[in-house]
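Next up, query-v6.pdb (PDB, C-alpha atoms, pLDDT in the B column):
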ATOM      1  CA  MET A   1      31.255 146.004 163.574  1.00 48.00           C
ATOM      2  CA  LYS A   2      27.831 144.863 162.408  1.00 57.00           C
ATOM      3  CA  ASP A   3      25.405 144.044 165.219  1.00 72.00           C
ATOM      4  CA  PHE A   4      24.147 140.660 164.028  1.00 65.00           C
ATOM      5  CA  LEU A   5      22.415 139.917 167.299  1.00 69.00           C
ATOM      6  CA  GLU A   6      20.388 143.131 167.270  1.00 67.00           C
ATOM      7  CA  GLU A   7      19.394 142.649 163.641  1.00 61.00           C
ATOM      8  CA  CYS A   8      18.430 139.001 164.125  1.00 62.00           C
ATOM      9  CA  VAL A   9      16.230 139.787 167.096  1.00 59.00           C
ATOM     10  CA  ALA A  10      14.715 143.063 165.885  1.00 52.00           C
ATOM     11  CA  ASP A  11      14.447 142.661 162.136  1.00 49.00           C
ATOM     12  CA  ARG A  12      12.766 139.724 160.480  1.00 49.00           C
ATOM     13  CA  ASP A  13      14.073 141.017 157.122  1.00 52.00           C
ATOM     14  CA  PHE A  14      17.665 140.459 158.276  1.00 51.00           C
ATOM     15  CA  PHE A  15      18.340 138.157 155.333  1.00 51.00           C
ATOM     16  CA  GLU A  16      16.767 140.470 152.760  1.00 55.00           C
ATOM     17  CA  GLY A  17      18.481 140.102 149.417  1.00 55.00           C
ATOM     18  CA  ASP A  18      19.255 136.429 149.901  1.00 57.00           C
ATOM     19  CA  SER A  19      17.244 133.801 148.060  1.00 61.00           C
ATOM     20  CA  ASP A  20      14.551 131.918 149.989  1.00 66.00           C
ATOM     21  CA  ASP A  21      16.807 128.872 150.251  1.00 71.00           C
ATOM     22  CA  GLU A  22      19.710 130.982 151.531  1.00 71.00           C
ATOM     23  CA  GLN A  23      17.416 132.648 154.061  1.00 70.00           C
ATOM     24  CA  LYS A  24      16.267 129.280 155.363  1.00 74.00           C
ATOM     25  CA  ILE A  25      19.819 127.963 155.620  1.00 73.00           C
ATOM     26  CA  LEU A  26      21.108 131.087 157.375  1.00 73.00           C
ATOM     27  CA  SER A  27      18.122 131.217 159.709  1.00 73.00           C
ATOM     28  CA  LYS A  28      18.517 127.537 160.611  1.00 76.00           C
ATOM     29  CA  ALA A  29      22.258 127.969 161.161  1.00 74.00           C
ATOM     30  CA  LEU A  30      21.654 130.939 163.465  1.00 77.00           C
ATOM     31  CA  SER A  31      18.945 129.166 165.422  1.00 78.00           C
ATOM     32  CA  ARG A  32      21.337 126.279 166.043  1.00 83.00           C
ATOM     33  CA  VAL A  33      24.482 128.217 166.840  1.00 86.00           C
ATOM     34  CA  LEU A  34      23.135 131.136 168.902  1.00 86.00           C
ATOM     35  CA  PRO A  35      22.060 129.028 171.915  1.00 89.00           C
ATOM     36  CA  LYS A  36      25.449 127.275 171.828  1.00 92.00           C
ATOM     37  CA  ILE A  37      27.284 130.602 171.815  1.00 93.00           C
ATOM     38  CA  ILE A  38      25.223 131.843 174.745  1.00 92.00           C
ATOM     39  CA  GLU A  39      25.702 128.599 176.658  1.00 93.00           C
ATOM     40  CA  ASN A  40      29.413 128.080 175.994  1.00 95.00           C
ATOM     41  CA  GLU A  41      30.974 131.474 175.395  1.00 96.00           C
ATOM     42  CA  LEU A  42      29.266 133.794 177.884  1.00 97.00           C
ATOM     43  CA  THR A  43      29.509 133.959 181.635  1.00 97.00           C
ATOM     44  CA  PRO A  44      26.320 133.044 183.477  1.00 97.00           C
ATOM     45  CA  ARG A  45      25.708 136.707 184.337  1.00 97.00           C
ATOM     46  CA  GLN A  46      26.237 137.817 180.727  1.00 97.00           C
ATOM     47  CA  SER A  47      23.847 135.113 179.538  1.00 96.00           C
ATOM     48  CA  ILE A  48      21.142 136.089 182.020  1.00 97.00           C
ATOM     49  CA  CYS A  49      21.421 139.794 181.208  1.00 97.00           C
ATOM     50  CA  LEU A  50      21.388 139.142 177.465  1.00 94.00           C
ATOM     51  CA  ARG A  51      18.331 136.885 177.668  1.00 93.00           C
ATOM     52  CA  LEU A  52      16.418 139.284 179.898  1.00 96.00           C
ATOM     53  CA  PHE A  53      17.221 142.181 177.573  1.00 94.00           C
ATOM     54  CA  TYR A  54      16.586 140.558 174.178  1.00 88.00           C
ATOM     55  CA  VAL A  55      14.155 137.720 174.868  1.00 88.00           C
ATOM     56  CA  HIS A  56      12.094 139.213 177.680  1.00 94.00           C
ATOM     57  CA  GLY A  57      12.396 142.838 176.530  1.00 94.00           C
ATOM     58  CA  LYS A  58      13.395 144.183 179.924  1.00 97.00           C
ATOM     59  CA  THR A  59      15.229 147.460 180.289  1.00 97.00           C
ATOM     60  CA  GLN A  60      18.669 147.625 181.821  1.00 98.00           C
ATOM     61  CA  THR A  61      17.174 149.306 184.874  1.00 98.00           C
ATOM     62  CA  GLU A  62      14.622 146.497 185.309  1.00 98.00           C
ATOM     63  CA  ILE A  63      17.364 143.883 184.940  1.00 98.00           C
ATOM     64  CA  ALA A  64      19.537 145.711 187.446  1.00 98.00           C
ATOM     65  CA  ARG A  65      16.722 145.762 190.000  1.00 98.00           C
ATOM     66  CA  GLU A  66      15.879 142.106 189.420  1.00 97.00           C
ATOM     67  CA  LEU A  67      19.497 140.926 189.700  1.00 98.00           C
ATOM     68  CA  LYS A  68      20.461 143.445 192.394  1.00 98.00           C
ATOM     69  CA  LEU A  69      23.158 144.997 190.219  1.00 98.00           C
ATOM     70  CA  SER A  70      23.840 148.535 189.131  1.00 98.00           C
ATOM     71  CA  GLN A  71      22.565 149.628 185.722  1.00 98.00           C
ATOM     72  CA  PRO A  72      26.127 150.310 184.468  1.00 98.00           C
ATOM     73  CA  THR A  73      27.090 146.742 185.438  1.00 98.00           C
ATOM     74  CA  VAL A  74      24.131 145.349 183.511  1.00 98.00           C
ATOM     75  CA  SER A  75      25.100 147.537 180.560  1.00 98.00           C
ATOM     76  CA  ARG A  76      28.652 146.173 180.629  1.00 98.00           C
ATOM     77  CA  HIS A  77      27.390 142.578 180.771  1.00 98.00           C
ATOM     78  CA  ILE A  78      25.075 143.148 177.808  1.00 96.00           C
ATOM     79  CA  ASN A  79      27.698 144.995 175.757  1.00 96.00           C
ATOM     80  CA  THR A  80      30.384 142.389 176.407  1.00 97.00           C
ATOM     81  CA  ALA A  81      27.983 139.541 175.627  1.00 96.00           C
ATOM     82  CA  ARG A  82      26.808 141.296 172.451  1.00 93.00           C
ATOM     83  CA  ALA A  83      30.408 141.738 171.279  1.00 94.00           C
ATOM     84  CA  ILE A  84      31.194 138.059 171.855  1.00 95.00           C
ATOM     85  CA  VAL A  85      28.012 136.865 170.139  1.00 92.00           C
ATOM     86  CA  ASN A  86      28.462 139.245 167.198  1.00 89.00           C
ATOM     87  CA  LYS A  87      32.051 138.179 166.635  1.00 90.00           C
ATOM     88  CA  ILE A  88      31.167 134.497 166.521  1.00 90.00           C
ATOM     89  CA  LEU A  89      27.932 135.022 164.537  1.00 86.00           C
ATOM     90  CA  GLY A  90      29.909 137.044 162.009  1.00 84.00           C
ATOM     91  CA  TYR A  91      32.255 134.120 161.451  1.00 86.00           C
ATOM     92  CA  CYS A  92      29.353 131.681 161.264  1.00 82.00           C
ATOM     93  CA  LEU A  93      27.370 133.734 158.769  1.00 79.00           C
ATOM     94  CA  TYR A  94      30.451 134.263 156.622  1.00 80.00           C
ATOM     95  CA  SER A  95      31.163 130.521 156.641  1.00 81.00           C
ATOM     96  CA  VAL A  96      27.596 129.547 155.787  1.00 76.00           C
ATOM     97  CA  LYS A  97      27.372 132.084 152.955  1.00 74.00           C
ATOM     98  CA  LYS A  98      30.701 130.947 151.504  1.00 77.00           C
ATOM     99  CA  ALA A  99      29.711 127.286 151.736  1.00 77.00           C
ATOM    100  CA  ASN A 100      26.456 128.159 149.984  1.00 70.00           C
ATOM    101  CA  GLU A 101      28.144 129.802 147.000  1.00 71.00           C
TER     102      GLU A 101
END
When written as structure tokens, how does the structure in this file appear?
Amino acid sequence: MKDFLEECVADRDFFEGDSDDEQKILSKALSRVLPKIIENELTPRQSICLRLFYVHGKTQTEIARELKLSQPTVSRHINTARAIVNKILGYCLYSVKKANE
């Protein structure tokens, strides 16, 4: 499965190959839907771990220390959250691209 979340966060050229208008539409759609996914589809712990990892750039070990969890637990939270986000983002991106055609 494609890791949309990783690509969106790490690679500003995620929409390479799309026209400028398509890039703007996809980027705007993602910026609107991603916070909703995190808020409504993840557990509070998954949300915190995901934000600390992607937004704040903390390592799993740093997150584990901060939240008083084991590193494998943090890893599971991040992996589960990433799978949920990627599944929903995949549907969203597909829908937006199809609507744009």
Residue members of the PyMOL selection byres ((chain A and resi 76-84) around 9) in the file shown, as a short mmCIF file (atom, residue, chain, number, x, y, z; two decimals) with C-alpha atoms, keeping the file's coordinate frame:
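Result saved to selection_1.cif:
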data_model
loop_
_atom_site.label_atom_id
_atom_site.label_comp_id
_atom_site.auth_asym_id
_atom_site.auth_seq_id
_atom_site.Cartn_x
_atom_site.Cartn_y
_atom_site.Cartn_z
CA MET A 1 31.26 146.00 163.57
CA ASP A 3 25.40 144.04 165.22
CA PHE A 4 24.15 140.66 164.03
CA LEU A 5 22.42 139.92 167.30
CA GLU A 6 20.39 143.13 167.27
CA ILE A 37 27.28 130.60 171.82
CA ILE A 38 25.22 131.84 174.74
CA GLU A 41 30.97 131.47 175.40
CA LEU A 42 29.27 133.79 177.88
CA THR A 43 29.51 133.96 181.64
CA ARG A 45 25.71 136.71 184.34
CA GLN A 46 26.24 137.82 180.73
CA SER A 47 23.85 135.11 179.54
CA CYS A 49 21.42 139.79 181.21
CA LEU A 50 21.39 139.14 177.46
CA PHE A 53 17.22 142.18 177.57
CA GLN A 60 18.67 147.62 181.82
CA GLN A 71 22.56 149.63 185.72
CA PRO A 72 26.13 150.31 184.47
CA THR A 73 27.09 146.74 185.44
CA VAL A 74 24.13 145.35 183.51
CA SER A 75 25.10 147.54 180.56
CA VAL A 85 28.01 136.86 170.14
CA ASN A 86 28.46 139.24 167.20
CA LYS A 87 32.05 138.18 166.64
CA ILE A 88 31.17 134.50 166.52
CA LEU A 89 27.93 135.02 164.54
#
task: Compare A:Lys98, A:Ile63, A:Asp21, A:Tyr91 by their minimum atom-to-atom distance to A:Val33, counting all atoms listed in the file, and give me the closest one.
output: A:Tyr91
Using all atoms listed in the file, find each residue in stretch 35-96 of chain A having at least one atom no more than 12 Å away from stretch 25-28 of chain A; report its shortest atom-to-atom pair and that distance in Å (one decimal), rows by chain then rising number, as CSV.
residue,atom,partner,partner_atom,distance
A:Pro35,CA,A:Lys28,CA,11.9
A:Leu89,CA,A:Leu26,CA,10.6
A:Gly90,CA,A:Leu26,CA,11.6
A:Cys92,CA,A:Leu26,CA,9.1
A:Leu93,CA,A:Leu26,CA,6.9
A:Tyr94,CA,A:Leu26,CA,9.9
A:Ser95,CA,A:Leu26,CA,10.1
A:Val96,CA,A:Leu26,CA,6.9
